[in-house]
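J.: File run-v3.tsv below, TSV, C-alpha atoms:
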```tsv
chain	number	residue	atom	x	y	z
A	18	MET	CA	108.49	56.49	103.51
A	19	ILE	CA	108.73	60.01	104.96
A	20	GLN	CA	105.50	61.15	106.59
A	21	LEU	CA	104.57	64.83	106.36
A	22	SER	CA	103.49	66.64	109.50
A	23	GLU	CA	99.81	67.25	110.13
A	24	ARG	CA	100.69	70.92	110.44
A	25	ILE	CA	102.03	71.25	106.91
A	26	GLN	CA	99.17	69.23	105.46
A	27	LYS	CA	96.65	71.75	106.82
A	28	ILE	CA	97.98	74.56	104.65
A	29	LYS	CA	98.08	75.20	100.92
A	30	PRO	CA	100.70	76.89	98.73
A	31	SER	CA	100.33	80.59	97.97
A	32	ALA	CA	97.67	80.85	95.25
A	33	THR	CA	99.14	83.98	93.70
A	34	LEU	CA	102.57	82.40	93.38
A	35	ALA	CA	101.05	79.19	92.00
A	36	ILE	CA	99.09	81.04	89.31
A	37	THR	CA	102.13	83.13	88.40
A	38	ALA	CA	104.14	79.92	88.02
A	39	LYS	CA	101.40	78.40	85.82
A	40	ALA	CA	101.44	81.48	83.59
A	41	ALA	CA	105.22	81.20	83.28
A	42	GLU	CA	104.90	77.52	82.29
A	43	LEU	CA	102.42	78.39	79.55
A	44	ARG	CA	104.68	81.15	78.26
A	45	ALA	CA	107.53	78.64	78.12
A	46	THR	CA	105.45	76.52	75.72
A	47	GLY	CA	105.07	79.51	73.39
A	48	LYS	CA	101.65	80.76	74.51
A	49	ASN	CA	101.08	84.52	74.73
A	50	ILE	CA	100.03	84.95	78.35
A	51	ILE	CA	99.30	88.20	80.16
A	52	SER	CA	99.69	87.86	83.91
A	53	LEU	CA	97.61	90.17	86.08
A	54	SER	CA	98.02	87.83	89.03
A	55	VAL	CA	101.12	89.01	90.82
A	56	GLY	CA	101.18	91.82	93.37
A	57	GLU	CA	104.48	93.36	92.33
A	58	PRO	CA	105.12	96.97	91.24
A	59	ASP	CA	106.28	97.35	87.64
A	60	PHE	CA	108.50	100.33	88.52
A	61	GLU	CA	112.20	100.29	89.36
A	62	THR	CA	113.61	100.42	92.87
A	63	PRO	CA	114.46	104.09	93.61
A	64	LYS	CA	117.90	105.16	92.46
A	65	ALA	CA	119.02	106.08	95.97
A	66	ALA	CA	118.22	102.58	97.23
A	67	ARG	CA	119.94	100.86	94.31
A	68	GLU	CA	123.07	102.92	94.78
A	69	ALA	CA	123.08	102.28	98.52
A	70	GLY	CA	122.94	98.54	97.89
A	71	ILE	CA	125.87	98.71	95.49
A	72	GLU	CA	127.84	100.87	97.89
A	73	ALA	CA	127.20	98.40	100.71
A	74	ILE	CA	128.54	95.53	98.62
A	75	ASN	CA	131.62	97.48	97.56
A	76	ALA	CA	132.23	98.53	101.16
A	77	GLY	CA	132.14	94.91	102.33
A	78	PHE	CA	128.94	95.27	104.36
A	79	THR	CA	128.27	91.58	103.81
A	80	ARG	CA	128.36	90.11	107.31
A	81	TYR	CA	125.70	89.15	109.81
A	82	THR	CA	123.88	92.04	111.42
A	83	ALA	CA	121.85	92.20	114.61
A	84	VAL	CA	118.90	89.81	114.27
A	85	SER	CA	116.36	92.64	114.58
A	86	GLY	CA	118.08	94.87	112.02
A	87	ILE	CA	120.87	97.44	111.96
A	88	PRO	CA	120.39	100.30	114.47
A	89	ALA	CA	120.32	103.02	111.79
A	90	LEU	CA	117.48	101.33	109.91
A	91	ARG	CA	115.46	100.69	113.06
A	92	GLN	CA	115.87	104.34	114.05
A	93	ALA	CA	114.79	105.47	110.56
A	94	ILE	CA	111.71	103.26	110.84
A	95	ALA	CA	110.87	104.77	114.24
A	96	GLU	CA	111.16	108.22	112.64
A	97	LYS	CA	108.92	107.09	109.76
A	98	PHE	CA	106.21	106.00	112.22
A	99	LYS	CA	106.41	109.38	113.96
A	100	LYS	CA	106.37	111.45	110.77
A	101	ASP	CA	103.74	109.48	108.84
A	102	ASN	CA	101.54	108.07	111.60
A	103	ASP	CA	102.17	110.20	114.72
A	104	LEU	CA	103.26	107.06	116.59
A	105	ASP	CA	106.11	107.25	119.11
A	106	TYR	CA	108.44	104.26	119.05
A	107	GLU	CA	112.09	103.77	119.91
A	108	ALA	CA	114.46	101.58	117.91
A	109	GLU	CA	114.01	98.80	120.50
A	110	ASP	CA	110.32	98.65	119.62
A	111	ILE	CA	111.10	97.87	115.96
A	112	LEU	CA	111.77	94.54	114.25
A	113	VAL	CA	113.15	94.31	110.70
A	114	SER	CA	112.49	91.02	108.93
A	115	THR	CA	112.86	89.25	105.62
A	116	GLY	CA	109.71	90.81	104.20
A	117	GLY	CA	106.42	91.74	105.81
A	118	LYS	CA	105.33	88.11	105.64
A	119	GLN	CA	108.16	87.09	107.96
A	120	CYS	CA	107.13	89.79	110.44
A	121	ILE	CA	103.58	88.45	110.55
A	122	TYR	CA	104.82	84.87	110.84
A	123	ASN	CA	107.01	85.91	113.78
A	124	LEU	CA	104.05	87.56	115.50
A	125	LEU	CA	101.86	84.49	115.23
A	126	GLN	CA	104.63	82.22	116.48
A	127	ALA	CA	105.24	84.54	119.42
A	128	MET	CA	101.57	85.10	120.37
A	129	ILE	CA	99.35	82.22	119.36
A	130	ASN	CA	98.81	79.05	121.39
A	131	PRO	CA	96.98	75.96	120.09
A	132	GLY	CA	93.28	76.73	119.85
A	133	ASP	CA	93.61	80.53	120.03
A	134	GLU	CA	91.26	82.27	117.61
A	135	VAL	CA	92.36	84.95	115.16
A	136	ILE	CA	89.67	87.08	113.49
A	137	ILE	CA	90.40	87.67	109.80
A	138	PRO	CA	88.04	89.80	107.69
A	139	ALA	CA	87.43	88.43	104.20
A	140	PRO	CA	88.51	89.32	101.58
A	141	TYR	CA	91.93	88.70	103.14
A	142	TRP	CA	95.51	88.46	101.99
A	143	VAL	CA	95.92	84.79	101.10
A	144	SER	CA	98.66	84.04	103.66
A	145	TYR	CA	96.91	85.14	106.87
A	146	PRO	CA	94.81	82.00	107.51
A	147	ASP	CA	97.58	79.55	106.66
A	148	MET	CA	100.11	81.32	108.87
A	149	VAL	CA	97.57	81.12	111.71
A	150	LEU	CA	97.24	77.39	111.09
A	151	LEU	CA	101.02	76.98	111.16
A	152	ALA	CA	100.93	78.56	114.63
A	153	GLU	CA	98.21	76.00	115.55
A	154	GLY	CA	95.66	78.77	115.92
A	155	VAL	CA	92.13	78.88	114.51
A	156	PRO	CA	91.35	81.39	111.73
A	157	ILE	CA	87.89	82.92	112.23
A	158	ILE	CA	86.84	84.29	108.84
A	159	VAL	CA	84.29	87.10	108.86
A	160	GLU	CA	82.91	88.05	105.45
A	161	ALA	CA	82.93	91.77	104.63
A	162	ASN	CA	80.95	92.12	101.41
A	163	ALA	CA	80.96	94.71	98.64
A	164	ASP	CA	77.97	96.55	100.14
A	165	ALA	CA	80.25	97.49	103.06
A	166	ASN	CA	83.16	98.24	100.68
A	167	PHE	CA	84.72	94.96	101.82
A	168	LYS	CA	85.37	96.32	105.34
A	169	LEU	CA	84.68	94.66	108.69
A	170	THR	CA	82.05	96.50	110.74
A	171	ALA	CA	82.08	96.96	114.49
A	172	ALA	CA	78.93	94.83	114.77
A	173	GLN	CA	80.55	91.99	112.82
A	174	LEU	CA	83.66	92.18	115.00
A	175	GLU	CA	81.61	92.07	118.21
A	176	ALA	CA	79.68	89.04	116.97
A	177	ALA	CA	82.86	87.14	116.08
A	178	ILE	CA	84.58	87.55	119.45
A	179	THR	CA	84.65	84.56	121.81
A	180	PRO	CA	86.62	83.80	125.00
A	181	LYS	CA	89.27	82.23	122.72
A	182	THR	CA	89.82	85.33	120.58
A	183	LYS	CA	93.44	86.50	120.75
A	184	LEU	CA	94.03	88.69	117.71
A	185	LEU	CA	92.31	90.74	114.99
A	186	PHE	CA	93.86	91.36	111.57
A	187	ILE	CA	93.29	94.62	109.68
A	188	ASN	CA	94.74	95.25	106.20
A	189	SER	CA	94.42	98.79	104.83
A	190	PRO	CA	94.68	99.56	101.95
A	191	SER	CA	93.60	96.01	101.33
A	192	ASN	CA	95.06	93.28	99.22
A	193	PRO	CA	92.92	92.24	97.30
A	194	THR	CA	90.28	95.00	97.34
A	195	GLY	CA	92.28	98.24	97.50
A	196	MET	CA	89.81	99.68	100.04
A	197	ILE	CA	90.95	101.60	103.12
A	198	TYR	CA	89.62	101.79	106.68
A	199	SER	CA	88.87	105.44	107.45
A	200	ALA	CA	89.61	107.06	110.80
A	201	ASP	CA	85.93	106.62	111.71
A	202	ASP	CA	86.04	102.93	110.73
A	203	LEU	CA	89.08	102.36	112.94
A	204	ALA	CA	87.57	104.27	115.83
A	205	ALA	CA	84.46	102.07	115.68
A	206	LEU	CA	86.57	98.90	115.73
A	207	GLY	CA	88.60	100.35	118.59
A	208	GLU	CA	85.42	100.83	120.65
A	209	VAL	CA	84.85	97.09	120.42
A	210	ILE	CA	88.45	96.03	121.10
A	211	ARG	CA	88.57	98.32	124.14
A	212	LYS	CA	86.03	96.06	125.88
A	213	TYR	CA	88.27	92.98	125.59
A	214	PRO	CA	91.68	93.43	127.28
A	215	ASN	CA	93.03	90.11	126.03
A	216	ILE	CA	92.63	90.89	122.31
A	217	ALA	CA	95.45	92.43	120.28
A	218	VAL	CA	95.31	94.04	116.83
A	219	ALA	CA	97.67	93.35	113.92
A	220	THR	CA	97.42	96.04	111.27
A	221	ASP	CA	99.07	95.43	107.90
A	222	ASP	CA	99.79	98.81	106.30
A	223	MET	CA	102.03	97.60	103.45
A	224	TYR	CA	100.19	99.70	100.83
A	225	GLU	CA	99.99	102.83	103.00
A	226	LYS	CA	101.75	105.06	100.46
A	227	ILE	CA	99.63	104.00	97.48
A	228	LEU	CA	96.45	106.04	97.95
A	229	PHE	CA	94.28	107.86	95.40
A	230	ASP	CA	91.82	110.76	95.17
A	231	ASP	CA	93.51	112.64	98.04
A	232	LYS	CA	92.42	109.95	100.52
A	233	LYS	CA	94.00	110.26	103.96
A	234	PHE	CA	95.66	107.23	105.52
A	235	ALA	CA	95.12	106.33	109.16
A	236	THR	CA	96.39	103.39	111.16
A	237	PHE	CA	94.75	101.70	114.15
A	238	ALA	CA	97.07	102.81	116.98
A	239	GLN	CA	97.07	106.37	115.66
A	240	ILE	CA	93.28	106.58	115.95
A	241	ASN	CA	93.14	104.54	119.17
A	242	PRO	CA	96.25	105.66	121.09
A	243	ASP	CA	95.08	104.02	124.32
A	244	LEU	CA	95.26	100.66	122.47
A	245	LYS	CA	98.81	101.19	121.19
A	246	ASP	CA	100.17	98.71	123.74
A	247	ARG	CA	97.94	96.05	122.16
A	248	THR	CA	98.68	96.94	118.54
A	249	ILE	CA	101.37	95.61	116.19
A	250	THR	CA	101.79	97.74	113.06
A	251	PHE	CA	103.33	96.13	109.97
A	252	ASN	CA	104.84	97.84	106.95
A	253	GLY	CA	107.79	97.53	104.58
A	254	VAL	CA	109.50	98.76	101.44
A	255	SER	CA	108.24	96.13	99.00
A	256	LYS	CA	105.27	97.96	97.49
A	257	ALA	CA	105.81	101.69	98.05
A	258	TYR	CA	109.49	101.54	97.11
A	259	CYS	CA	109.29	98.74	94.51
A	260	MET	CA	111.67	96.52	96.48
A	261	THR	CA	109.87	93.16	96.49
A	262	GLY	CA	113.01	91.14	95.81
A	263	TRP	CA	115.05	92.96	98.43
A	264	ARG	CA	112.85	91.33	101.12
A	265	ILE	CA	112.62	93.95	103.84
A	266	GLY	CA	109.56	94.30	106.04
A	267	PHE	CA	109.27	95.85	109.47
A	268	CYS	CA	106.92	96.26	112.38
A	269	ALA	CA	106.51	98.15	115.63
A	270	GLY	CA	104.76	97.13	118.81
A	271	PRO	CA	105.04	96.49	122.54
A	272	ARG	CA	108.70	95.97	123.35
A	273	GLU	CA	108.37	92.61	125.10
A	274	LEU	CA	106.37	91.22	122.18
A	275	ILE	CA	108.89	92.61	119.67
A	276	LYS	CA	111.67	90.88	121.64
A	277	ALA	CA	109.74	87.61	121.52
A	278	MET	CA	109.23	87.99	117.77
A	279	GLY	CA	112.97	88.61	117.43
A	280	LYS	CA	113.59	85.38	119.32
A	281	ALA	CA	111.44	83.49	116.79
A	282	GLN	CA	113.33	85.19	113.97
A	283	SER	CA	116.69	84.28	115.50
A	284	GLN	CA	115.79	80.61	115.16
A	285	SER	CA	114.43	80.86	111.60
A	286	THR	CA	115.84	83.41	109.17
A	287	SER	CA	118.16	85.27	111.58
A	288	ASN	CA	118.92	88.79	110.32
A	289	PRO	CA	117.51	90.11	107.04
A	290	SER	CA	120.02	90.73	104.24
A	291	SER	CA	122.66	93.27	105.24
A	292	ILE	CA	122.72	94.73	101.71
A	293	SER	CA	118.94	95.05	101.60
A	294	GLN	CA	118.89	96.83	104.95
A	295	LYS	CA	121.24	99.51	103.64
A	296	ALA	CA	119.07	99.91	100.53
A	297	ALA	CA	115.91	100.16	102.62
A	298	LEU	CA	117.52	102.81	104.82
A	299	ALA	CA	118.27	104.89	101.73
A	300	ALA	CA	114.73	104.42	100.42
A	301	LEU	CA	113.13	105.57	103.66
A	302	MET	CA	115.39	108.59	103.97
A	303	GLY	CA	115.52	109.51	100.31
A	304	PRO	CA	113.36	111.72	98.06
A	305	THR	CA	109.76	110.75	97.30
A	306	ASP	CA	109.56	112.05	93.72
A	307	GLU	CA	109.60	108.58	92.18
A	308	LEU	CA	106.98	107.33	94.65
A	309	ASN	CA	104.66	110.24	93.93
A	310	GLU	CA	104.94	109.74	90.18
A	311	MET	CA	104.23	106.02	90.55
A	312	VAL	CA	101.05	106.70	92.53
A	313	LYS	CA	99.82	109.08	89.82
A	314	VAL	CA	100.32	106.39	87.17
A	315	TYR	CA	98.51	103.79	89.26
A	316	GLN	CA	95.57	106.13	89.79
A	317	THR	CA	95.27	106.69	86.03
A	318	ARG	CA	95.37	102.96	85.37
A	319	ARG	CA	92.83	102.26	88.11
A	320	THR	CA	90.33	104.79	86.76
A	321	TRP	CA	90.64	103.46	83.22
A	322	LEU	CA	90.42	99.79	84.26
A	323	VAL	CA	87.34	100.20	86.50
A	324	LYS	CA	85.44	101.79	83.62
A	325	ALA	CA	86.68	99.24	81.08
A	326	LEU	CA	85.72	96.24	83.21
A	327	ASN	CA	82.29	97.65	84.02
A	328	ASN	CA	81.66	97.86	80.27
A	329	ILE	CA	82.00	94.07	79.99
A	330	PRO	CA	78.66	92.30	80.61
A	331	GLY	CA	78.82	90.04	83.67
A	332	ILE	CA	81.47	92.03	85.56
A	333	HIS	CA	80.79	94.59	88.28
A	334	CYS	CA	83.66	96.52	89.84
A	335	ILE	CA	83.70	99.11	92.63
A	336	THR	CA	86.41	101.77	92.68
A	337	PRO	CA	89.22	101.11	95.16
A	338	ASP	CA	90.93	103.72	97.32
A	339	GLY	CA	94.50	102.54	96.88
A	340	ALA	CA	97.01	99.70	96.34
A	341	PHE	CA	97.09	98.38	92.75
A	342	TYR	CA	94.29	95.82	92.68
A	343	LEU	CA	90.69	95.61	91.52
A	344	PHE	CA	88.37	92.97	92.97
A	345	PRO	CA	85.33	92.82	90.69
A	346	SER	CA	82.38	90.47	91.00
A	347	VAL	CA	82.01	87.96	88.17
A	348	ALA	CA	78.72	86.60	89.50
A	349	GLY	CA	77.14	87.51	86.18
A	350	TRP	CA	79.21	84.84	84.45
A	351	ILE	CA	78.45	82.02	86.87
A	352	GLY	CA	76.11	79.52	85.26
A	353	LYS	CA	77.06	80.47	81.70
A	354	THR	CA	78.65	78.06	79.23
A	355	THR	CA	81.86	78.59	77.27
A	356	SER	CA	82.30	77.98	73.55
A	357	ASN	CA	83.76	74.51	74.26
A	358	GLY	CA	80.81	73.53	76.46
A	359	THR	CA	82.32	74.11	79.92
A	360	GLN	CA	79.90	75.51	82.47
A	361	LEU	CA	81.29	78.34	84.59
A	362	THR	CA	80.27	77.09	88.02
A	363	ASN	CA	82.46	79.35	90.18
A	364	ASP	CA	85.27	81.91	90.16
A	365	VAL	CA	87.99	79.23	90.10
A	366	VAL	CA	86.58	77.76	86.88
A	367	ILE	CA	86.23	81.29	85.48
A	368	CYS	CA	89.92	82.00	86.06
A	369	GLU	CA	90.84	78.69	84.41
A	370	TRP	CA	88.65	79.62	81.41
A	371	LEU	CA	90.19	83.10	81.12
A	372	LEU	CA	93.69	81.64	81.20
A	373	ASP	CA	92.80	79.14	78.49
A	374	ALA	CA	90.49	81.21	76.29
A	375	ALA	CA	91.96	84.69	76.70
A	376	GLY	CA	95.51	84.01	77.84
A	377	VAL	CA	95.01	86.21	80.92
A	378	ALA	CA	96.13	84.99	84.35
A	379	LEU	CA	94.02	86.23	87.30
A	380	VAL	CA	93.48	85.05	90.88
A	381	PRO	CA	90.07	83.67	91.92
A	382	GLY	CA	88.36	85.39	94.83
A	383	THR	CA	87.93	82.05	96.58
A	384	GLU	CA	91.63	82.21	97.45
A	385	PHE	CA	90.96	85.46	99.33
A	386	GLY	CA	87.90	84.07	101.11
A	387	SER	CA	85.43	85.75	98.72
A	388	PRO	CA	83.94	83.41	96.12
A	389	GLY	CA	82.42	85.05	93.06
A	390	GLN	CA	85.15	87.71	92.74
A	391	ILE	CA	88.48	87.78	90.89
A	392	ARG	CA	91.57	89.88	91.58
A	393	PHE	CA	93.17	92.03	88.91
A	394	SER	CA	96.62	93.52	89.50
A	395	TYR	CA	97.18	96.64	87.42
A	396	ALA	CA	100.89	96.81	88.21
A	397	VAL	CA	101.53	96.41	84.47
A	398	SER	CA	101.74	98.87	81.59
A	399	GLN	CA	98.65	100.58	80.18
A	400	ASP	CA	99.18	98.79	76.85
A	401	THR	CA	99.20	95.45	78.65
A	402	LEU	CA	96.01	96.33	80.52
A	403	GLU	CA	94.25	97.30	77.29
A	404	ASP	CA	95.34	94.07	75.61
A	405	ALA	CA	94.11	92.03	78.59
A	406	VAL	CA	90.72	93.76	78.71
A	407	ASN	CA	90.22	93.32	74.96
A	408	ARG	CA	90.97	89.61	75.27
A	409	ILE	CA	88.57	89.19	78.18
A	410	ALA	CA	85.82	91.12	76.41
A	411	GLU	CA	86.18	88.95	73.31
A	412	ALA	CA	86.06	85.75	75.36
A	413	ALA	CA	82.98	86.99	77.22
A	414	LYS	CA	81.13	87.56	73.95
A	415	LYS	CA	81.26	83.82	73.27
A	416	LEU	CA	79.55	82.82	76.53
A	417	ASN	CA	76.10	81.31	76.32
```
Mind turning this structure into structure tokens?

T.:
Amino acid sequence: MIQLSERIQKIKPSATLAITAKAAELRATGKNIISLSVGEPDFETPKAAREAGIEAINAGFTRYTAVSGIPALRQAIAEKFKKDNDLDYEAEDILVSTGGKQCIYNLLQAMINPGDEVIIPAPYWVSYPDMVLLAEGVPIIVEANADANFKLTAAQLEAAITPKTKLLFINSPSNPTGMIYSADDLAALGEVIRKYPNIAVATDDMYEKILFDDKKFATFAQINPDLKDRTITFNGVSKAYCMTGWRIGFCAGPRELIKAMGKAQSQSTSNPSSISQKAALAALMGPTDELNEMVKVYQTRRTWLVKALNNIPGIHCITPDGAFYLFPSVAGWIGKTTSNGTQLTNDVVICEWLLDAAGVALVPGTEFGSPGQIRFSYAVSQDTLEDAVNRIAEAAKKLN
């Protein structure tokens, strides 16, 4: 009998993908299921990117590329960092990967030794802790609660640091909360990191372009330029440019570390798709009209959904700054009993009940390190959102 490695047995499958698959299974049996579980834009890839992909295929651009990405794309990414974030990088400081997840995986494989500690504020993107475990590191989870807008404070960071600390993760705007770290927030964290020369910072800016209410985006190295040589900045085209399936993420950082990450990539995925790279290049260099319109639609949905959820007894939702998620508390439902006699003991049971009773698929906050919350994705039409909220409200009326 084949024995699985201890390494793989330490980790769990992606919760969001698992719930999405469960919703698809229920739909296949004829059930009317609304999925608000997947973090995927419901808009089309920009026309310029689609056309560039087609042109690349027709031109025969279907061979291997350099492992780290084609030079033109890496240069365009360097220009993006300068224009958007006032960060100076050369193409050699850039790595293009098969999605942002692959970039982060490469970093952890290149940096983390067995026993190294990685500080991860919770709520966190579900993959961070498991990717740390795959690198044989130790995830150190620090809870950032709703009172602090789900953001790690400088005092919390200082308290979590030990001689084994190697890396800090920051995700802004956040998946799952949609909250952003302001320039002042990042400066305060930088004051702490500055004291510890052996600690690096990984900042995941994948939702950078999806901001509301005229909020201003800032990234860690921009606010703490003296720490740039200890910062790895991640981004990609998946969310802002609606290119999830194209699988292009990228990052910038210290050149020797980027080279090491490229070495890890060369022995795993090798180069990202040649066609996708051409499409990403067109997206980054193309017009932003479609992006701007998408952000306006998301802001309208967000405002409506926050109000609608707060009108349902038992739910409390704060207003996020960006991305396309809400992360409300459902603590008011815990302890209640459903119409079939099931007691709602935690957020996982609540999500199971909502899938069964309301036909709405959501992700429990436990999967993001924050029990008592649930994540809503509003990357669906307004009609779908209204249908989902009505179903949830009706199910909630039957709780005892």

J.: Name the residues within 9 Å of (89.7, 87.9, 120.6), counting only C-alpha atoms in the file's coordinates, and put them as an MDAnalysis selection string.

T.: chainID A and resid 133:136 177:185 210 213:217

J.: Using only C-alpha atoms, can you tell me which of A:Gln92, A:Thr82, A:Thr46, A:Gln316 comes closest to A:Ser290?

T.: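 Nearest to A:Ser290: A:Thr82.
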
J.: When you look at A:Asn309 with a cut-off of 12 Å (counting only C-alpha atoms), what residues show up, excluding the ones that are within fewer than 6 positions of it in the same chain? I need them as a PyMOL selection string.

T.: chain A and resi 60+63+226-229+257-258+315-316

J.: Sorted by chain and rising residue number, list the residues of stretch 173-224 of chain A at most 9 Å from stretch 230-253 of chain A (counting only C-alpha atoms), each with its closest atom pair and distance in Å to one decimal, as JSON lines.

T.:
```
{"residue": "A:Ile187", "atom": "CA", "partner": "A:Phe237", "partner_atom": "CA", "distance": 8.5}
{"residue": "A:Ser189", "atom": "CA", "partner": "A:Thr236", "partner_atom": "CA", "distance": 8.1}
{"residue": "A:Pro190", "atom": "CA", "partner": "A:Phe234", "partner_atom": "CA", "distance": 8.5}
{"residue": "A:Ile197", "atom": "CA", "partner": "A:Phe234", "partner_atom": "CA", "distance": 7.7}
{"residue": "A:Tyr198", "atom": "CA", "partner": "A:Ala235", "partner_atom": "CA", "distance": 7.6}
{"residue": "A:Ser199", "atom": "CA", "partner": "A:Ala235", "partner_atom": "CA", "distance": 6.5}
{"residue": "A:Ala200", "atom": "CA", "partner": "A:Ala235", "partner_atom": "CA", "distance": 5.8}
{"residue": "A:Asp201", "atom": "CA", "partner": "A:Ile240", "partner_atom": "CA", "distance": 8.5}
{"residue": "A:Leu203", "atom": "CA", "partner": "A:Phe237", "partner_atom": "CA", "distance": 5.8}
{"residue": "A:Ala204", "atom": "CA", "partner": "A:Ile240", "partner_atom": "CA", "distance": 6.2}
{"residue": "A:Leu206", "atom": "CA", "partner": "A:Phe237", "partner_atom": "CA", "distance": 8.8}
{"residue": "A:Gly207", "atom": "CA", "partner": "A:Asn241", "partner_atom": "CA", "distance": 6.2}
{"residue": "A:Glu208", "atom": "CA", "partner": "A:Asn241", "partner_atom": "CA", "distance": 8.7}
{"residue": "A:Ile210", "atom": "CA", "partner": "A:Leu244", "partner_atom": "CA", "distance": 8.3}
{"residue": "A:Arg211", "atom": "CA", "partner": "A:Leu244", "partner_atom": "CA", "distance": 7.3}
{"residue": "A:Pro214", "atom": "CA", "partner": "A:Arg247", "partner_atom": "CA", "distance": 8.5}
{"residue": "A:Asn215", "atom": "CA", "partner": "A:Arg247", "partner_atom": "CA", "distance": 8.6}
{"residue": "A:Ile216", "atom": "CA", "partner": "A:Arg247", "partner_atom": "CA", "distance": 7.4}
{"residue": "A:Ala217", "atom": "CA", "partner": "A:Arg247", "partner_atom": "CA", "distance": 4.8}
{"residue": "A:Val218", "atom": "CA", "partner": "A:Thr248", "partner_atom": "CA", "distance": 4.8}
{"residue": "A:Ala219", "atom": "CA", "partner": "A:Ile249", "partner_atom": "CA", "distance": 4.9}
{"residue": "A:Thr220", "atom": "CA", "partner": "A:Thr250", "partner_atom": "CA", "distance": 5.0}
{"residue": "A:Asp221", "atom": "CA", "partner": "A:Phe251", "partner_atom": "CA", "distance": 4.8}
{"residue": "A:Asp222", "atom": "CA", "partner": "A:Asn252", "partner_atom": "CA", "distance": 5.2}
{"residue": "A:Met223", "atom": "CA", "partner": "A:Asn252", "partner_atom": "CA", "distance": 4.5}
{"residue": "A:Tyr224", "atom": "CA", "partner": "A:Asn252", "partner_atom": "CA", "distance": 7.9}
```

J.: I'd like the interatomic distance between atom CA of A:Lys353 and atom CA of A:Ile367, to a tenth of an Å.

T.: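 Answer for the atom CA of A:Lys353 to atom CA of A:Ile367 separation: 10.0 Å.
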
J.: Have a look at atom CA of A:Ile50 and atom CA of A:Val377 and let me know their distance in Å, one decimal.

T.: 5.8 Å

J.: Taking into account all atoms listed in the file, which residue in the set A:His333, A:Arg24, A:Arg272, A:Lys415 is nearest to A:Trp370?

T.: A:Lys415

J.: Please determine, counting only C-alpha atoms, which residue among A:Gly132, A:Gly279, A:Gly195, A:Pro140 has the shortest atom-to-atom distance to A:Ile111.

T.: A:Gly279

J.: Tell me, as a ChimeraX atom specification, which residues lie within 12 Å of A:Ser85, counting only C-alpha atoms; anything in the same chain fewer than 5 positions away does not count.

T.: /A:90-92,108-115,119-120,123,265-269,275-283,286-291,294

J.: Could you work out how far atom CA of A:Ala73 lies from atom CA of A:Gly262, giving the answer in Å with one decimal?

T.: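 Answer for the atom CA of A:Gly262 to atom CA of A:Ala73 separation: 16.7 Å.
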
J.: Looking at all atoms listed in the file, which of A:Ile409, A:Met260, A:Ala127, A:Met196 is the one that sits closest to A:Gly154?

T.: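 Of A:Ile409, A:Met260, A:Ala127, A:Met196, the one nearest A:Gly154, counting all atoms listed in the file, is A:Ala127.
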
J.: At most 9 Å from (99.7, 78.9, 83.8), file frame, all atoms listed in the file: which residues, as an mmCIF file with C-alpha atoms, in the frame of the given file?

T.:
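Listed below is the output, out.cif:
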```cif
data_model
loop_
_atom_site.group_PDB
_atom_site.id
_atom_site.type_symbol
_atom_site.label_atom_id
_atom_site.label_comp_id
_atom_site.auth_asym_id
_atom_site.auth_seq_id
_atom_site.Cartn_x
_atom_site.Cartn_y
_atom_site.Cartn_z
ATOM 1 C CA ALA A 35 101.050 79.190 92.000
ATOM 2 C CA ILE A 36 99.090 81.040 89.310
ATOM 3 C CA THR A 37 102.130 83.130 88.400
ATOM 4 C CA ALA A 38 104.140 79.920 88.020
ATOM 5 C CA LYS A 39 101.400 78.400 85.820
ATOM 6 C CA ALA A 40 101.440 81.480 83.590
ATOM 7 C CA ALA A 41 105.220 81.200 83.280
ATOM 8 C CA GLU A 42 104.900 77.520 82.290
ATOM 9 C CA LEU A 43 102.420 78.390 79.550
ATOM 10 C CA ARG A 44 104.680 81.150 78.260
ATOM 11 C CA ILE A 50 100.030 84.950 78.350
ATOM 12 C CA SER A 52 99.690 87.860 83.910
ATOM 13 C CA GLU A 369 90.840 78.690 84.410
ATOM 14 C CA LEU A 372 93.690 81.640 81.200
ATOM 15 C CA ASP A 373 92.800 79.140 78.490
ATOM 16 C CA GLY A 376 95.510 84.010 77.840
ATOM 17 C CA ALA A 378 96.130 84.990 84.350
#
```

J.: Which is closer to A:Gly77 than all the others in A:Met128, A:Ile292, A:Val380, A:Val406, using all atoms listed in the file?

T.: A:Ile292

J.: Set the distance at 6 Å and use all atoms listed in the file: which residues neighbour A:Phe393 once local chain neighbours fewer than 6 positions away are removed? I'd like the list as a PDB file with C-alpha atoms, keeping the file's coordinate frame.

T.:
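Output (part_21.pdb):
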```pdb
ATOM      1  CA  LEU A  53      97.610  90.170  86.080  1.00  0.00           C
ATOM      2  CA  TYR A 342      94.290  95.820  92.680  1.00  0.00           C
ATOM      3  CA  LEU A 343      90.690  95.610  91.520  1.00  0.00           C
TER       4      LEU A 343
END
```
